[in-house]
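So this block is data_1.pdb, PDB, C-alpha atoms, pLDDT in the B column:
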```pdb
MODEL        1
ATOM      1  CA  MET T 884      -0.867 -97.180  68.029  1.00 48.00           C
ATOM      2  CA  LYS T 885      -1.343 -93.433  67.539  1.00 50.00           C
ATOM      3  CA  ASN T 886      -0.533 -91.723  64.273  1.00 49.00           C
ATOM      4  CA  THR T 887       1.592 -88.727  65.349  1.00 50.00           C
ATOM      5  CA  SER T 888       2.910 -87.796  61.909  1.00 54.00           C
ATOM      6  CA  LEU T 889       0.197 -85.145  61.502  1.00 49.00           C
ATOM      7  CA  LEU T 890       0.854 -83.410  64.834  1.00 48.00           C
ATOM      8  CA  PRO T 891       3.653 -81.081  63.606  1.00 50.00           C
ATOM      9  CA  ALA T 892       1.580 -80.046  60.584  1.00 47.00           C
ATOM     10  CA  LEU T 893      -1.481 -79.369  62.745  1.00 44.00           C
ATOM     11  CA  ALA T 894       0.585 -77.333  65.214  1.00 48.00           C
ATOM     12  CA  LEU T 895       2.035 -75.254  62.376  1.00 47.00           C
ATOM     13  CA  ALA T 896      -1.431 -74.669  60.891  1.00 48.00           C
ATOM     14  CA  ALA T 897      -2.777 -73.521  64.272  1.00 49.00           C
ATOM     15  CA  THR T 898       0.170 -71.148  64.757  1.00 49.00           C
ATOM     16  CA  LEU T 899      -0.262 -69.649  61.281  1.00 47.00           C
ATOM     17  CA  ALA T 900      -3.998 -69.176  61.837  1.00 48.00           C
ATOM     18  CA  ALA T 901      -3.342 -67.353  65.113  1.00 47.00           C
ATOM     19  CA  CYS T 902      -0.779 -65.106  63.447  1.00 47.00           C
ATOM     20  CA  ALA T 903      -3.139 -64.292  60.591  1.00 46.00           C
ATOM     21  CA  SER T 904      -5.688 -62.823  63.006  1.00 47.00           C
ATOM     22  CA  THR T 905      -3.118 -60.763  64.957  1.00 51.00           C
ATOM     23  CA  PRO T 906      -1.822 -57.553  63.359  1.00 49.00           C
ATOM     24  CA  ALA T 907       1.911 -57.851  62.782  1.00 68.00           C
ATOM     25  CA  GLY T 908       2.632 -54.136  63.146  1.00 87.00           C
ATOM     26  CA  PRO T 909       3.705 -52.117  66.177  1.00 94.00           C
ATOM     27  CA  ARG T 910       1.721 -52.298  69.410  1.00 97.00           C
ATOM     28  CA  ALA T 911       1.216 -49.955  72.355  1.00 97.00           C
ATOM     29  CA  GLU T 912      -0.940 -49.697  75.452  1.00 98.00           C
ATOM     30  CA  ALA T 913      -2.101 -47.310  78.140  1.00 98.00           C
ATOM     31  CA  LYS T 914      -2.917 -48.522  81.638  1.00 98.00           C
ATOM     32  CA  LEU T 915      -5.618 -46.182  82.907  1.00 98.00           C
ATOM     33  CA  ALA T 916      -5.561 -45.151  86.552  1.00 98.00           C
ATOM     34  CA  PRO T 917      -8.242 -43.110  88.314  1.00 98.00           C
ATOM     35  CA  THR T 918      -7.754 -39.423  88.944  1.00 97.00           C
ATOM     36  CA  ALA T 919      -8.237 -38.078  92.493  1.00 97.00           C
ATOM     37  CA  GLY T 920     -11.611 -39.104  93.929  1.00 96.00           C
ATOM     38  CA  ASN T 921     -12.546 -41.381  91.024  1.00 97.00           C
ATOM     39  CA  ALA T 922     -12.592 -45.147  90.477  1.00 96.00           C
ATOM     40  CA  ALA T 923     -12.307 -45.580  86.686  1.00 97.00           C
ATOM     41  CA  ASN T 924      -9.455 -47.801  85.519  1.00 97.00           C
ATOM     42  CA  GLY T 925      -8.613 -50.164  82.711  1.00 97.00           C
ATOM     43  CA  LEU T 926      -6.462 -50.889  79.701  1.00 98.00           C
ATOM     44  CA  VAL T 927      -6.400 -49.395  76.218  1.00 97.00           C
ATOM     45  CA  SER T 928      -4.508 -51.412  73.591  1.00 97.00           C
ATOM     46  CA  PHE T 929      -3.331 -50.155  70.213  1.00 96.00           C
ATOM     47  CA  SER T 930      -2.163 -52.247  67.267  1.00 97.00           C
ATOM     48  CA  GLN T 931      -1.059 -50.948  63.876  1.00 95.00           C
ATOM     49  CA  ASP T 932      -2.239 -52.856  60.820  1.00 92.00           C
ATOM     50  CA  GLY T 933      -1.208 -51.064  57.646  1.00 90.00           C
ATOM     51  CA  ASP T 934      -2.696 -47.557  57.645  1.00 89.00           C
ATOM     52  CA  LYS T 935      -5.276 -48.435  60.329  1.00 93.00           C
ATOM     53  CA  LEU T 936      -4.770 -48.362  64.074  1.00 94.00           C
ATOM     54  CA  ARG T 937      -6.995 -50.678  66.095  1.00 96.00           C
ATOM     55  CA  VAL T 938      -7.953 -49.161  69.443  1.00 96.00           C
ATOM     56  CA  SER T 939      -9.402 -51.599  72.006  1.00 97.00           C
ATOM     57  CA  ALA T 940     -10.357 -50.765  75.569  1.00 96.00           C
ATOM     58  CA  GLU T 941     -11.939 -52.276  78.638  1.00 97.00           C
ATOM     59  CA  ILE T 942     -12.606 -49.774  81.397  1.00 97.00           C
ATOM     60  CA  SER T 943     -14.417 -50.295  84.689  1.00 98.00           C
ATOM     61  CA  GLY T 944     -15.446 -48.078  87.589  1.00 97.00           C
ATOM     62  CA  LEU T 945     -17.550 -45.811  85.375  1.00 97.00           C
ATOM     63  CA  THR T 946     -21.034 -44.470  85.898  1.00 97.00           C
ATOM     64  CA  PRO T 947     -23.442 -46.127  83.441  1.00 98.00           C
ATOM     65  CA  GLY T 948     -23.839 -44.304  80.135  1.00 97.00           C
ATOM     66  CA  PRO T 949     -21.602 -42.395  77.698  1.00 97.00           C
ATOM     67  CA  HIS T 950     -18.212 -40.875  78.510  1.00 97.00           C
ATOM     68  CA  GLY T 951     -15.851 -38.699  76.477  1.00 95.00           C
ATOM     69  CA  PHE T 952     -12.737 -40.634  75.444  1.00 95.00           C
ATOM     70  CA  HIS T 953      -9.708 -38.975  73.860  1.00 95.00           C
ATOM     71  CA  VAL T 954      -6.026 -39.232  73.093  1.00 96.00           C
ATOM     72  CA  HIS T 955      -4.407 -36.201  74.747  1.00 96.00           C
ATOM     73  CA  ASP T 956      -1.303 -34.364  73.636  1.00 96.00           C
ATOM     74  CA  LYS T 957       1.041 -34.978  76.559  1.00 97.00           C
ATOM     75  CA  GLY T 958       2.089 -38.267  78.118  1.00 97.00           C
ATOM     76  CA  ASP T 959       1.768 -36.898  81.633  1.00 98.00           C
ATOM     77  CA  CYS T 960      -0.931 -38.044  84.061  1.00 98.00           C
ATOM     78  CA  SER T 961       0.831 -36.700  87.164  1.00 98.00           C
ATOM     79  CA  ALA T 962      -1.681 -33.965  88.084  1.00 98.00           C
ATOM     80  CA  PRO T 963      -4.433 -35.182  90.457  1.00 98.00           C
ATOM     81  CA  ASP T 964      -7.040 -34.132  87.864  1.00 97.00           C
ATOM     82  CA  ALA T 965      -4.945 -35.211  84.809  1.00 97.00           C
ATOM     83  CA  THR T 966      -4.757 -31.646  83.455  1.00 97.00           C
ATOM     84  CA  SER T 967      -1.045 -32.383  82.971  1.00 98.00           C
ATOM     85  CA  ALA T 968      -2.097 -34.456  79.922  1.00 97.00           C
ATOM     86  CA  GLY T 969      -2.826 -31.223  78.047  1.00 96.00           C
ATOM     87  CA  GLY T 970      -5.500 -30.861  75.399  1.00 93.00           C
ATOM     88  CA  HIS T 971      -6.695 -33.306  72.774  1.00 93.00           C
ATOM     89  CA  PHE T 972      -4.050 -34.634  70.405  1.00 95.00           C
ATOM     90  CA  ASN T 973      -4.509 -32.442  67.328  1.00 91.00           C
ATOM     91  CA  PRO T 974      -1.574 -32.562  64.874  1.00 93.00           C
ATOM     92  CA  GLY T 975      -3.793 -31.327  62.021  1.00 90.00           C
ATOM     93  CA  GLY T 976      -4.961 -28.177  63.832  1.00 90.00           C
ATOM     94  CA  LYS T 977      -8.641 -29.054  63.288  1.00 91.00           C
ATOM     95  CA  ALA T 978     -11.726 -28.187  65.344  1.00 88.00           C
ATOM     96  CA  HIS T 979     -13.050 -30.680  67.890  1.00 89.00           C
ATOM     97  CA  GLY T 980     -15.733 -32.969  66.504  1.00 87.00           C
ATOM     98  CA  SER T 981     -17.075 -36.433  65.996  1.00 87.00           C
ATOM     99  CA  PRO T 982     -14.597 -38.973  64.626  1.00 86.00           C
ATOM    100  CA  GLU T 983     -17.331 -39.944  62.178  1.00 86.00           C
ATOM    101  CA  GLN T 984     -17.017 -36.509  60.516  1.00 85.00           C
ATOM    102  CA  PRO T 985     -14.057 -35.273  58.447  1.00 81.00           C
ATOM    103  CA  GLU T 986     -13.358 -32.299  60.757  1.00 85.00           C
ATOM    104  CA  HIS T 987     -12.102 -33.467  64.171  1.00 88.00           C
ATOM    105  CA  HIS T 988      -8.979 -33.738  66.296  1.00 88.00           C
ATOM    106  CA  ALA T 989      -6.962 -36.878  65.606  1.00 86.00           C
ATOM    107  CA  GLY T 990      -7.434 -37.686  69.313  1.00 87.00           C
ATOM    108  CA  ASP T 991     -11.247 -37.455  69.212  1.00 87.00           C
ATOM    109  CA  LEU T 992     -12.539 -40.986  69.737  1.00 92.00           C
ATOM    110  CA  PRO T 993     -16.138 -42.277  69.838  1.00 93.00           C
ATOM    111  CA  GLN T 994     -17.936 -42.303  73.180  1.00 94.00           C
ATOM    112  CA  LEU T 995     -17.214 -44.990  75.711  1.00 95.00           C
ATOM    113  CA  VAL T 996     -20.567 -46.391  76.827  1.00 97.00           C
ATOM    114  CA  ALA T 997     -20.581 -48.056  80.217  1.00 97.00           C
ATOM    115  CA  ASP T 998     -23.122 -50.755  80.999  1.00 97.00           C
ATOM    116  CA  ALA T 999     -25.181 -50.982  84.217  1.00 98.00           C
ATOM    117  CA  ALA T1000     -22.151 -52.484  85.993  1.00 97.00           C
ATOM    118  CA  GLY T1001     -19.962 -49.507  85.004  1.00 97.00           C
ATOM    119  CA  VAL T1002     -17.900 -51.399  82.420  1.00 98.00           C
ATOM    120  CA  ALA T1003     -17.216 -50.142  78.893  1.00 97.00           C
ATOM    121  CA  ARG T1004     -15.737 -52.269  76.123  1.00 96.00           C
ATOM    122  CA  PHE T1005     -14.622 -50.519  72.975  1.00 91.00           C
ATOM    123  CA  THR T1006     -12.971 -51.359  69.648  1.00 96.00           C
ATOM    124  CA  ILE T1007     -12.505 -49.125  66.614  1.00 94.00           C
ATOM    125  CA  ASP T1008     -10.133 -48.783  63.686  1.00 93.00           C
ATOM    126  CA  SER T1009      -8.715 -45.291  63.146  1.00 92.00           C
ATOM    127  CA  ASP T1010      -6.871 -43.845  60.177  1.00 89.00           C
ATOM    128  CA  ALA T1011      -6.157 -40.598  62.094  1.00 92.00           C
ATOM    129  CA  LEU T1012      -3.730 -42.181  64.592  1.00 94.00           C
ATOM    130  CA  SER T1013      -0.603 -44.307  64.267  1.00 94.00           C
ATOM    131  CA  ILE T1014       2.213 -45.971  66.207  1.00 95.00           C
ATOM    132  CA  GLY T1015       5.844 -45.457  65.477  1.00 82.00           C
ATOM    133  CA  GLY T1016       6.371 -42.185  63.677  1.00 79.00           C
ATOM    134  CA  GLY T1017       5.040 -39.204  61.844  1.00 87.00           C
ATOM    135  CA  ALA T1018       2.664 -36.488  62.982  1.00 92.00           C
ATOM    136  CA  ALA T1019      -0.070 -38.980  63.997  1.00 94.00           C
ATOM    137  CA  ASN T1020       2.187 -41.022  66.349  1.00 96.00           C
ATOM    138  CA  ILE T1021       0.459 -41.618  69.712  1.00 96.00           C
ATOM    139  CA  VAL T1022       3.353 -43.195  71.650  1.00 97.00           C
ATOM    140  CA  GLY T1023       4.304 -40.898  74.510  1.00 96.00           C
ATOM    141  CA  ARG T1024       0.874 -39.274  74.623  1.00 97.00           C
ATOM    142  CA  SER T1025      -2.000 -40.163  76.962  1.00 98.00           C
ATOM    143  CA  VAL T1026      -5.544 -41.489  76.934  1.00 98.00           C
ATOM    144  CA  VAL T1027      -8.158 -39.741  79.080  1.00 97.00           C
ATOM    145  CA  VAL T1028     -11.667 -40.827  80.079  1.00 97.00           C
ATOM    146  CA  HIS T1029     -14.093 -38.049  81.016  1.00 97.00           C
ATOM    147  CA  ALA T1030     -17.001 -38.010  83.464  1.00 96.00           C
ATOM    148  CA  ALA T1031     -19.690 -37.010  80.947  1.00 95.00           C
ATOM    149  CA  ALA T1032     -20.640 -37.570  77.325  1.00 95.00           C
ATOM    150  CA  ASP T1033     -18.793 -35.650  74.600  1.00 91.00           C
ATOM    151  CA  ASP T1034     -21.197 -33.377  72.693  1.00 90.00           C
ATOM    152  CA  PHE T1035     -18.784 -33.327  69.697  1.00 87.00           C
ATOM    153  CA  LYS T1036     -19.656 -29.626  69.199  1.00 90.00           C
ATOM    154  CA  SER T1037     -18.311 -27.494  72.050  1.00 88.00           C
ATOM    155  CA  GLN T1038     -14.820 -26.139  71.460  1.00 88.00           C
ATOM    156  CA  PRO T1039     -12.157 -26.991  72.175  1.00 87.00           C
ATOM    157  CA  ALA T1040     -12.986 -30.269  73.954  1.00 82.00           C
ATOM    158  CA  GLY T1041     -16.642 -31.319  73.694  1.00 81.00           C
ATOM    159  CA  ASN T1042     -17.844 -30.315  77.176  1.00 89.00           C
ATOM    160  CA  SER T1043     -17.290 -33.844  78.476  1.00 93.00           C
ATOM    161  CA  GLY T1044     -16.535 -32.888  82.048  1.00 92.00           C
ATOM    162  CA  ALA T1045     -13.832 -33.856  84.493  1.00 95.00           C
ATOM    163  CA  ARG T1046     -10.998 -36.209  83.633  1.00 97.00           C
ATOM    164  CA  ILE T1047     -11.702 -39.365  85.630  1.00 98.00           C
ATOM    165  CA  ALA T1048      -8.952 -41.685  84.366  1.00 98.00           C
ATOM    166  CA  CYS T1049      -5.641 -41.206  82.569  1.00 98.00           C
ATOM    167  CA  GLY T1050      -2.894 -43.437  81.191  1.00 98.00           C
ATOM    168  CA  VAL T1051       0.319 -42.811  79.258  1.00 98.00           C
ATOM    169  CA  ILE T1052       0.660 -44.618  75.920  1.00 98.00           C
ATOM    170  CA  VAL T1053       3.811 -46.747  75.799  1.00 97.00           C
ATOM    171  CA  SER T1054       5.215 -49.107  73.146  1.00 96.00           C
ATOM    172  CA  LYS T1055       4.627 -52.751  73.868  1.00 90.00           C
TER
ENDMDL
END
```

Let's see the structure in the file written out as structure tokens.
Amino acid sequence: MKNTSLLPALALAATLAACASTPAGPRAEAKLAPTAGNAANGLVSFSQDGDKLRVSAEISGLTPGPHGFHVHDKGDCSAPDATSAGGHFNPGGKAHGSPEQPEHHAGDLPQLVADAAGVARFTIDSDALSIGGGAANIVGRSVVVHAAADDFKSQPAGNSGARIACGVIVSK
């Protein structure tokens, strides 16, 4: 005869462990679609955990190597070249730069680096972006992937080339 008295306790423990590893705060996502003549696509997920926003992405259809990756000001990817997304999200009015330096747009993210198969996987925690309110709120904005690497110096956008994928950030 099986002892099933421990099953409810084990199920509860497993559920609590799963919840402990998942941020309980607001979530959002952007489904990236290619701009005209490009093939890049993927999903960018955002999850708020206290004052940090976890940004996770998996994007395919890229050329191997680094690509500029930014949150843009407008949640509009309707133009064939995604120029409708506007410039980088910059609520603090700062110069463009590396997110590893104090002076940068809130929407400046680290490079996406695609492998030989054209796939980039990315996860960072940002204290410059948030979900749900305030000047740093990203919901209703867009995420853009660029054709080339961001030099993190050229103003106003890092000389990262054409916009090859765009997706509007929506609450989840």

Query raised in the report: Using only C-alpha atoms, what residues lie at most 6 Å away from (2.3, -50.1, 62.7) (file coordinates), given as a VMD selection string?
Result: chain T and resid 908 to 909 931 to 932 1014

For the residues in the current selection, export C-alpha atoms as a CSV table (one decimal), in the frame of the given file.
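The resulting file, part_16.csv, is reproduced below:
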```
chain,number,residue,atom,x,y,z
T,908,GLY,CA,2.6,-54.1,63.1
T,909,PRO,CA,3.7,-52.1,66.2
T,931,GLN,CA,-1.1,-50.9,63.9
T,932,ASP,CA,-2.2,-52.9,60.8
T,1014,ILE,CA,2.2,-46.0,66.2
```

Expanded to explicit residues, what is the PyMOL selection byres ((chain T and resi 988-999) around 8) for this file, as a PDB file with C-alpha atoms, in the frame of the given file?
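Saved the output as selection.pdb:
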```pdb
ATOM      1  CA  SER T 943     -14.417 -50.295  84.689  1.00 98.00           C
ATOM      2  CA  LEU T 945     -17.550 -45.811  85.375  1.00 97.00           C
ATOM      3  CA  THR T 946     -21.034 -44.470  85.898  1.00 97.00           C
ATOM      4  CA  PRO T 947     -23.442 -46.127  83.441  1.00 98.00           C
ATOM      5  CA  GLY T 948     -23.839 -44.304  80.135  1.00 97.00           C
ATOM      6  CA  PRO T 949     -21.602 -42.395  77.698  1.00 97.00           C
ATOM      7  CA  HIS T 950     -18.212 -40.875  78.510  1.00 97.00           C
ATOM      8  CA  GLY T 951     -15.851 -38.699  76.477  1.00 95.00           C
ATOM      9  CA  PHE T 952     -12.737 -40.634  75.444  1.00 95.00           C
ATOM     10  CA  HIS T 953      -9.708 -38.975  73.860  1.00 95.00           C
ATOM     11  CA  VAL T 954      -6.026 -39.232  73.093  1.00 96.00           C
ATOM     12  CA  HIS T 955      -4.407 -36.201  74.747  1.00 96.00           C
ATOM     13  CA  HIS T 971      -6.695 -33.306  72.774  1.00 93.00           C
ATOM     14  CA  PHE T 972      -4.050 -34.634  70.405  1.00 95.00           C
ATOM     15  CA  ASN T 973      -4.509 -32.442  67.328  1.00 91.00           C
ATOM     16  CA  PRO T 974      -1.574 -32.562  64.874  1.00 93.00           C
ATOM     17  CA  GLY T 975      -3.793 -31.327  62.021  1.00 90.00           C
ATOM     18  CA  GLY T 976      -4.961 -28.177  63.832  1.00 90.00           C
ATOM     19  CA  LYS T 977      -8.641 -29.054  63.288  1.00 91.00           C
ATOM     20  CA  ALA T 978     -11.726 -28.187  65.344  1.00 88.00           C
ATOM     21  CA  HIS T 979     -13.050 -30.680  67.890  1.00 89.00           C
ATOM     22  CA  GLY T 980     -15.733 -32.969  66.504  1.00 87.00           C
ATOM     23  CA  SER T 981     -17.075 -36.433  65.996  1.00 87.00           C
ATOM     24  CA  PRO T 982     -14.597 -38.973  64.626  1.00 86.00           C
ATOM     25  CA  GLU T 986     -13.358 -32.299  60.757  1.00 85.00           C
ATOM     26  CA  HIS T 987     -12.102 -33.467  64.171  1.00 88.00           C
ATOM     27  CA  ALA T1000     -22.151 -52.484  85.993  1.00 97.00           C
ATOM     28  CA  GLY T1001     -19.962 -49.507  85.004  1.00 97.00           C
ATOM     29  CA  VAL T1002     -17.900 -51.399  82.420  1.00 98.00           C
ATOM     30  CA  ALA T1003     -17.216 -50.142  78.893  1.00 97.00           C
ATOM     31  CA  ARG T1004     -15.737 -52.269  76.123  1.00 96.00           C
ATOM     32  CA  PHE T1005     -14.622 -50.519  72.975  1.00 91.00           C
ATOM     33  CA  ALA T1011      -6.157 -40.598  62.094  1.00 92.00           C
ATOM     34  CA  LEU T1012      -3.730 -42.181  64.592  1.00 94.00           C
ATOM     35  CA  ALA T1019      -0.070 -38.980  63.997  1.00 94.00           C
ATOM     36  CA  ALA T1032     -20.640 -37.570  77.325  1.00 95.00           C
ATOM     37  CA  ASP T1033     -18.793 -35.650  74.600  1.00 91.00           C
TER      38      ASP T1033
END
```

Report task. For the file shown, report as a ChimeraX atom specification the outcome of the PyMOL selection byres ((chain T and resi 1013) around 9) at residue level. Result -> /T:929-931,934-936,1009-1012,1014-1022

Query - Which residue of T:Pro963, T:Gly925, T:Pro985, T:Gly958 approaches Ile1052 (chain T) most closely, using only C-alpha atoms - result: T:Gly958

Report task. Compare T:Ser1025, T:Thr918, T:Asp1008, T:Ala911 by their minimum atom-to-atom distance to Gly933 (chain T), counting all atoms listed in the file, and give me the closest one. Result -> T:Asp1008

May I ask you to restore N, CA and C atoms in region 973-984 of chain T and write the result as a short mmCIF file (atom, residue, chain, number, x, y, z; two decimals), in the frame of the given file?
```
data_model
loop_
_atom_site.label_atom_id
_atom_site.label_comp_id
_atom_site.auth_asym_id
_atom_site.auth_seq_id
_atom_site.Cartn_x
_atom_site.Cartn_y
_atom_site.Cartn_z
N ASN T 973 -3.95 -33.13 68.48
CA ASN T 973 -4.51 -32.44 67.33
C ASN T 973 -3.41 -31.99 66.36
N PRO T 974 -2.67 -32.95 65.76
CA PRO T 974 -1.57 -32.56 64.87
C PRO T 974 -2.04 -31.82 63.62
N GLY T 975 -3.29 -31.98 63.23
CA GLY T 975 -3.79 -31.33 62.02
C GLY T 975 -4.38 -29.94 62.26
N GLY T 976 -4.43 -29.50 63.53
CA GLY T 976 -4.96 -28.18 63.83
C GLY T 976 -6.44 -28.02 63.49
N LYS T 977 -7.21 -29.09 63.64
CA LYS T 977 -8.64 -29.05 63.29
C LYS T 977 -9.50 -28.73 64.50
N ALA T 978 -10.77 -28.41 64.27
CA ALA T 978 -11.73 -28.19 65.34
C ALA T 978 -12.12 -29.52 65.96
N HIS T 979 -12.54 -29.48 67.23
CA HIS T 979 -13.05 -30.68 67.89
C HIS T 979 -14.32 -31.14 67.19
N GLY T 980 -14.52 -32.45 67.12
CA GLY T 980 -15.73 -32.97 66.50
C GLY T 980 -15.81 -34.48 66.58
N SER T 981 -16.86 -34.99 66.01
CA SER T 981 -17.08 -36.43 66.00
C SER T 981 -16.07 -37.11 65.07
N PRO T 982 -15.51 -38.25 65.50
CA PRO T 982 -14.60 -38.97 64.63
C PRO T 982 -15.28 -39.55 63.39
N GLU T 983 -16.59 -39.48 63.35
CA GLU T 983 -17.33 -39.94 62.18
C GLU T 983 -17.45 -38.85 61.11
N GLN T 984 -16.99 -37.64 61.44
CA GLN T 984 -17.02 -36.51 60.52
C GLN T 984 -15.59 -36.18 60.08
#
```
